[in-house]
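Trainee: Have a peek at entry_31.csv (CSV, C-alpha atoms).
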chain,number,residue,atom,x,y,z
S,1,MET,CA,174.5,79.4,61.4
S,2,GLU,CA,171.8,81.1,63.4
S,3,VAL,CA,168.4,81.2,61.9
S,4,LYS,CA,166.0,84.0,63.0
S,5,LEU,CA,162.3,83.4,63.1
S,6,TRP,CA,161.5,87.1,63.3
S,7,ASN,CA,162.7,90.3,61.8
S,8,ASP,CA,161.5,92.7,64.5
S,9,LYS,CA,160.1,93.0,67.9
S,10,ARG,CA,156.5,92.7,66.7
S,11,GLU,CA,157.2,89.4,64.9
S,12,ARG,CA,159.0,88.1,67.9
S,13,GLU,CA,156.1,88.8,70.1
S,14,MET,CA,153.7,87.1,67.6
S,15,TYR,CA,155.8,83.9,67.6
S,16,GLU,CA,156.0,84.0,71.4
S,17,ASN,CA,152.2,84.3,71.6
S,18,PHE,CA,151.9,81.4,69.1
S,19,ALA,CA,154.1,79.3,71.3
S,20,GLU,CA,152.0,80.1,74.4
S,21,LEU,CA,148.8,79.3,72.5
S,22,TYR,CA,150.2,76.0,71.4
S,23,ALA,CA,151.3,75.2,75.0
S,24,ILE,CA,147.9,76.0,76.4
S,25,ILE,CA,146.1,73.8,73.9
S,26,LYS,CA,148.5,70.9,74.5
S,27,ALA,CA,148.2,71.3,78.3
S,28,THR,CA,144.4,71.4,78.2
S,29,GLU,CA,144.4,68.2,76.1
S,30,LYS,CA,146.6,66.4,78.7
S,31,LEU,CA,144.4,67.7,81.5
S,32,GLU,CA,141.2,66.5,79.9
S,33,LYS,CA,142.7,63.0,79.4
S,34,ALA,CA,143.9,62.9,82.9
S,35,TYR,CA,140.4,63.8,84.2
S,36,ILE,CA,138.7,61.2,82.0
S,37,ARG,CA,141.1,58.5,83.2
S,38,ASP,CA,140.6,59.6,86.9
S,39,ILE,CA,144.3,60.4,87.3
S,40,ILE,CA,143.5,63.7,89.1
S,41,SER,CA,140.6,64.7,91.4
S,42,SER,CA,137.6,66.8,90.2
S,43,SER,CA,138.7,69.8,92.3
S,44,GLU,CA,142.3,69.7,91.0
S,45,TYR,CA,141.0,69.4,87.5
S,46,GLU,CA,138.6,72.3,87.9
S,47,THR,CA,141.2,74.7,89.3
S,48,GLU,CA,143.7,74.0,86.6
S,49,CYS,CA,141.1,74.0,83.8
S,50,GLN,CA,139.8,77.4,84.9
S,51,LYS,CA,143.3,78.8,84.8
S,52,LEU,CA,143.9,77.4,81.3
S,53,ILE,CA,140.6,78.7,80.0
S,54,ALA,CA,141.2,82.2,81.4
S,55,HIS,CA,144.7,82.3,79.9
S,56,PHE,CA,143.3,81.0,76.6
S,57,LYS,CA,140.5,83.6,76.4
S,58,THR,CA,142.9,86.5,77.1
S,59,LEU,CA,145.5,85.2,74.5
S,60,ALA,CA,142.8,84.4,71.9
S,61,SER,CA,141.5,87.9,72.3
S,62,THR,CA,144.9,89.4,71.8
S,63,LEU,CA,145.5,87.2,68.7
S,64,LYS,CA,142.0,87.5,67.2
S,65,ASP,CA,143.2,89.5,64.1
S,66,ILE,CA,146.1,87.1,63.4
S,67,VAL,CA,144.4,83.8,64.5
S,68,PRO,CA,140.7,84.2,63.6
S,69,SER,CA,140.2,80.4,63.9
S,70,ILE,CA,141.7,78.3,66.7
S,71,GLU,CA,140.7,75.2,64.9
S,72,ARG,CA,142.7,76.3,61.8
S,73,PHE,CA,145.7,77.1,64.0
S,74,ALA,CA,145.6,73.6,65.5
S,75,ASP,CA,145.3,72.1,62.0
S,76,THR,CA,148.2,74.2,60.7
S,77,TYR,CA,150.5,73.0,63.4
S,78,LYS,CA,149.2,69.4,63.2
S,79,MET,CA,147.8,69.4,66.7
S,80,ASP,CA,145.6,66.4,67.4
S,81,CYS,CA,143.8,67.9,70.4
S,82,PRO,CA,140.0,67.5,70.0
S,83,ALA,CA,139.3,67.5,73.7
S,84,ALA,CA,141.2,70.7,74.2
S,85,ILE,CA,139.4,72.4,71.3
S,86,ASN,CA,136.0,71.3,72.7
S,87,ARG,CA,136.9,72.6,76.2
S,88,LEU,CA,138.5,75.9,75.2
S,89,VAL,CA,136.5,76.9,72.1
S,90,THR,CA,133.1,75.1,72.2
S,91,SER,CA,132.4,74.8,76.0
S,92,GLY,CA,134.4,77.5,77.7
S,93,VAL,CA,133.9,76.0,81.1
S,94,PRO,CA,135.5,72.9,83.0
S,95,ALA,CA,133.6,69.6,82.5
S,96,THR,CA,132.9,69.6,86.3
S,97,VAL,CA,131.0,72.9,85.9
S,98,GLU,CA,129.0,71.5,83.0
S,99,HIS,CA,128.1,68.5,85.1
S,100,ARG,CA,126.9,70.6,88.0
S,101,ALA,CA,124.8,72.8,85.6
S,102,ALA,CA,123.3,69.7,84.0
S,103,ALA,CA,122.4,68.3,87.5
S,104,GLY,CA,120.4,71.4,88.4
S,105,ALA,CA,119.2,72.2,84.9
S,106,SER,CA,115.5,73.1,84.7
S,107,SER,CA,115.8,73.5,81.0
S,108,PRO,CA,118.3,72.5,78.3
S,109,THR,CA,119.7,76.1,78.2
S,110,SER,CA,120.9,76.1,81.8
S,111,ALA,CA,124.3,74.7,81.0
S,112,ALA,CA,124.7,77.3,78.3
S,113,ILE,CA,123.8,80.1,80.7
S,114,VAL,CA,126.3,78.8,83.2
S,115,ALA,CA,129.0,78.9,80.5
S,116,GLU,CA,128.0,82.4,79.6
S,117,CYS,CA,128.2,83.5,83.3
S,118,VAL,CA,131.7,82.0,83.7
S,119,GLN,CA,132.9,83.6,80.5
S,120,ASN,CA,131.5,87.0,81.6
S,121,PHE,CA,133.2,86.7,85.0
S,122,ILE,CA,136.6,85.8,83.5
S,123,THR,CA,136.3,88.5,80.8
S,124,ALA,CA,135.6,91.2,83.4
S,125,MET,CA,138.5,90.0,85.7
S,126,ASP,CA,140.9,89.8,82.8
S,127,SER,CA,140.0,93.2,81.5
S,128,LEU,CA,140.8,94.8,84.9
S,129,LYS,CA,144.2,92.9,84.9
S,130,LEU,CA,144.9,94.5,81.5
S,131,ASN,CA,144.2,97.9,83.0
S,132,MET,CA,140.9,98.5,81.1
S,133,VAL,CA,139.4,100.7,83.8
S,134,ALA,CA,137.5,103.4,81.8
S,135,VAL,CA,133.8,103.5,82.6
S,136,ASP,CA,132.8,102.8,78.9
S,137,GLN,CA,135.0,99.7,79.0
S,138,VAL,CA,133.9,98.3,82.4
S,139,HIS,CA,130.2,99.2,82.4
S,140,PRO,CA,129.3,96.9,79.4
S,141,LEU,CA,131.2,94.0,80.8
S,142,LEU,CA,129.4,94.2,84.2
S,143,SER,CA,126.0,94.7,82.4
S,144,ASP,CA,126.6,91.5,80.4
S,145,LEU,CA,127.5,89.7,83.6
S,146,SER,CA,124.5,91.0,85.5
S,147,ALA,CA,122.2,90.0,82.7
S,148,SER,CA,123.6,86.5,82.5
S,149,LEU,CA,123.3,86.0,86.2
S,150,THR,CA,119.7,87.1,86.2
S,151,LYS,CA,118.9,84.6,83.5
S,152,LEU,CA,120.1,81.7,85.7
S,153,SER,CA,117.0,80.5,87.7
S,154,ILE,CA,119.0,78.3,90.0
S,155,LEU,CA,120.5,81.3,91.7
S,156,PRO,CA,118.6,82.9,94.6
S,157,PRO,CA,117.4,86.6,94.1
S,158,ASP,CA,119.7,87.8,96.8
S,159,PHE,CA,122.8,86.0,95.4
S,160,GLU,CA,125.8,88.2,96.3
S,161,GLY,CA,127.1,88.4,92.7
S,162,LYS,CA,123.8,89.9,91.5
S,163,THR,CA,123.7,92.4,94.3
S,164,LYS,CA,127.4,93.5,94.0
S,165,MET,CA,127.1,93.9,90.2
S,166,LYS,CA,124.0,96.0,90.5
S,167,GLU,CA,125.8,98.2,93.0
S,168,TRP,CA,128.8,98.7,90.7
S,169,ILE,CA,126.6,99.3,87.6
S,170,SER,CA,124.7,102.0,89.6
S,171,ARG,CA,128.0,103.6,90.7
S,172,LEU,CA,129.4,103.6,87.2
S,173,SER,CA,126.2,105.1,85.7
S,174,LYS,CA,126.8,108.2,87.8
S,175,MET,CA,130.3,108.7,86.2
S,176,GLY,CA,131.3,110.0,82.8
S,177,ALA,CA,132.1,107.5,80.0
S,178,ALA,CA,135.8,108.7,79.9
S,179,ASP,CA,136.2,108.6,83.7
S,180,GLU,CA,138.5,105.9,85.0
S,181,LEU,CA,138.4,103.8,88.1
S,182,THR,CA,141.1,104.6,90.6
S,183,GLU,CA,143.6,101.9,91.5
S,184,GLN,CA,141.7,101.3,94.8
S,185,GLN,CA,138.3,101.0,93.0
S,186,ALA,CA,139.8,98.6,90.4
S,187,ARG,CA,141.2,96.4,93.1
S,188,GLN,CA,137.9,96.4,95.0
S,189,LEU,CA,136.0,95.5,91.9
S,190,HIS,CA,138.4,92.7,91.0
S,191,PHE,CA,138.0,91.4,94.6
S,192,ASP,CA,134.2,91.6,94.3
S,193,LEU,CA,134.3,89.8,91.0
S,194,GLU,CA,136.5,87.0,92.3
S,195,SER,CA,134.5,86.6,95.5
S,196,SER,CA,131.2,86.5,93.5
S,197,TYR,CA,132.7,84.0,91.0
S,198,ASN,CA,133.7,81.7,93.8
S,199,SER,CA,130.2,82.0,95.3
S,200,PHE,CA,128.7,81.3,91.9
S,201,ILE,CA,130.7,78.1,91.4
S,202,ALA,CA,129.8,77.0,95.0
S,203,ALA,CA,126.1,77.7,94.4
S,204,LEU,CA,125.9,75.3,91.4
S,205,PRO,CA,124.3,72.0,92.4
S,206,THR,CA,126.4,69.0,92.8
S,207,ALA,CA,125.7,65.9,90.7
S,208,GLY,CA,123.0,63.8,92.3
S,209,THR,CA,121.4,66.7,94.2
Can the structure from this file be put into structure tokens for me?

Mentor:
Amino acid sequence: MEVKLWNDKREREMYENFAELYAIIKATEKLEKAYIRDIISSSEYETECQKLIAHFKTLASTLKDIVPSIERFADTYKMDCPAAINRLVTSGVPATVEHRAAAGASSPTSAAIVAECVQNFITAMDSLKLNMVAVDQVHPLLSDLSASLTKLSILPPDFEGKTKMKEWISRLSKMGAADELTEQQARQLHFDLESSYNSFIAALPTAGT
């Protein structure tokens, strides 16, 4: 006898999202343990961790009304994944990024600002992927990103991310709130965000410097 977990398309999508969230948490836990045990390199860890964090943030945002607490979700499904919860929910950035931030920290808040910058970069890129291209959707995200980059003293004044975000904010300010970016503009903005993000990660000091 076939047992159905859902009654309609909406319920089916919800359970599929639950399964994906479960898989992301489990994968992150395994990745954290592999990194701690030195099974994978720092660069491999960072690349995979960034992907998992980005997917997690997008999915958590989609499920925020159904799953208000990730910790409670993990507890409900008996997931013993403390390292994953710390990485995805508490930290929000790979351990390698935390270490680089700590290495160049001029104050205890530097690591927190780095985490804020990473989150703002990922949120802005994810929003474009979800076709959120109206000016009143894009402008606040870029403003938050620009503000967080400005707060980070280890970045030079002429850092390309700061410059590009200011250019985009200026461009958007001349448009109406309901105006939308064209497909070409959205692609260019995503490219600029991705390029700036890579430069941002590269600009963080390495441990021991």

Trainee: Between CA of Ser42 (chain S) and CA of Phe200 (chain S), what is the spacing in Å?

Mentor: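 One can read the CA of Phe200 (chain S) to CA of Ser42 (chain S) distance as 17.1 Å.
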
Trainee: Choose the residue, out of S:Val97, S:Ile113, S:Val133, S:Ile24, that has the smallest atom-to-atom separation from Tyr45 (chain S); count all atoms listed in the file.

Mentor: S:Val97

Trainee: Which residue, S:Met79, S:Ile85, S:Met175, S:Ile154, has the smallest gap to Ala111 (chain S) when you use all atoms listed in the file?

Mentor: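 Result for the nearest residue to Ala111 (chain S): S:Ile154.
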
Trainee: So what do you get for CA of Met125 (chain S) versus CA of Tyr35 (chain S), distance-wise?

Mentor: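 Interatomic distance here is 26.3 Å.
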
Trainee: For Leu21 (chain S), which residue among S:Val67, S:Ala134, S:Cys49, S:Ile36 is the nearest when counting only C-alpha atoms?

Mentor: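 Between S:Val67, S:Ala134, S:Cys49, S:Ile36, the residue approaching Leu21 (chain S) most closely is S:Val67.
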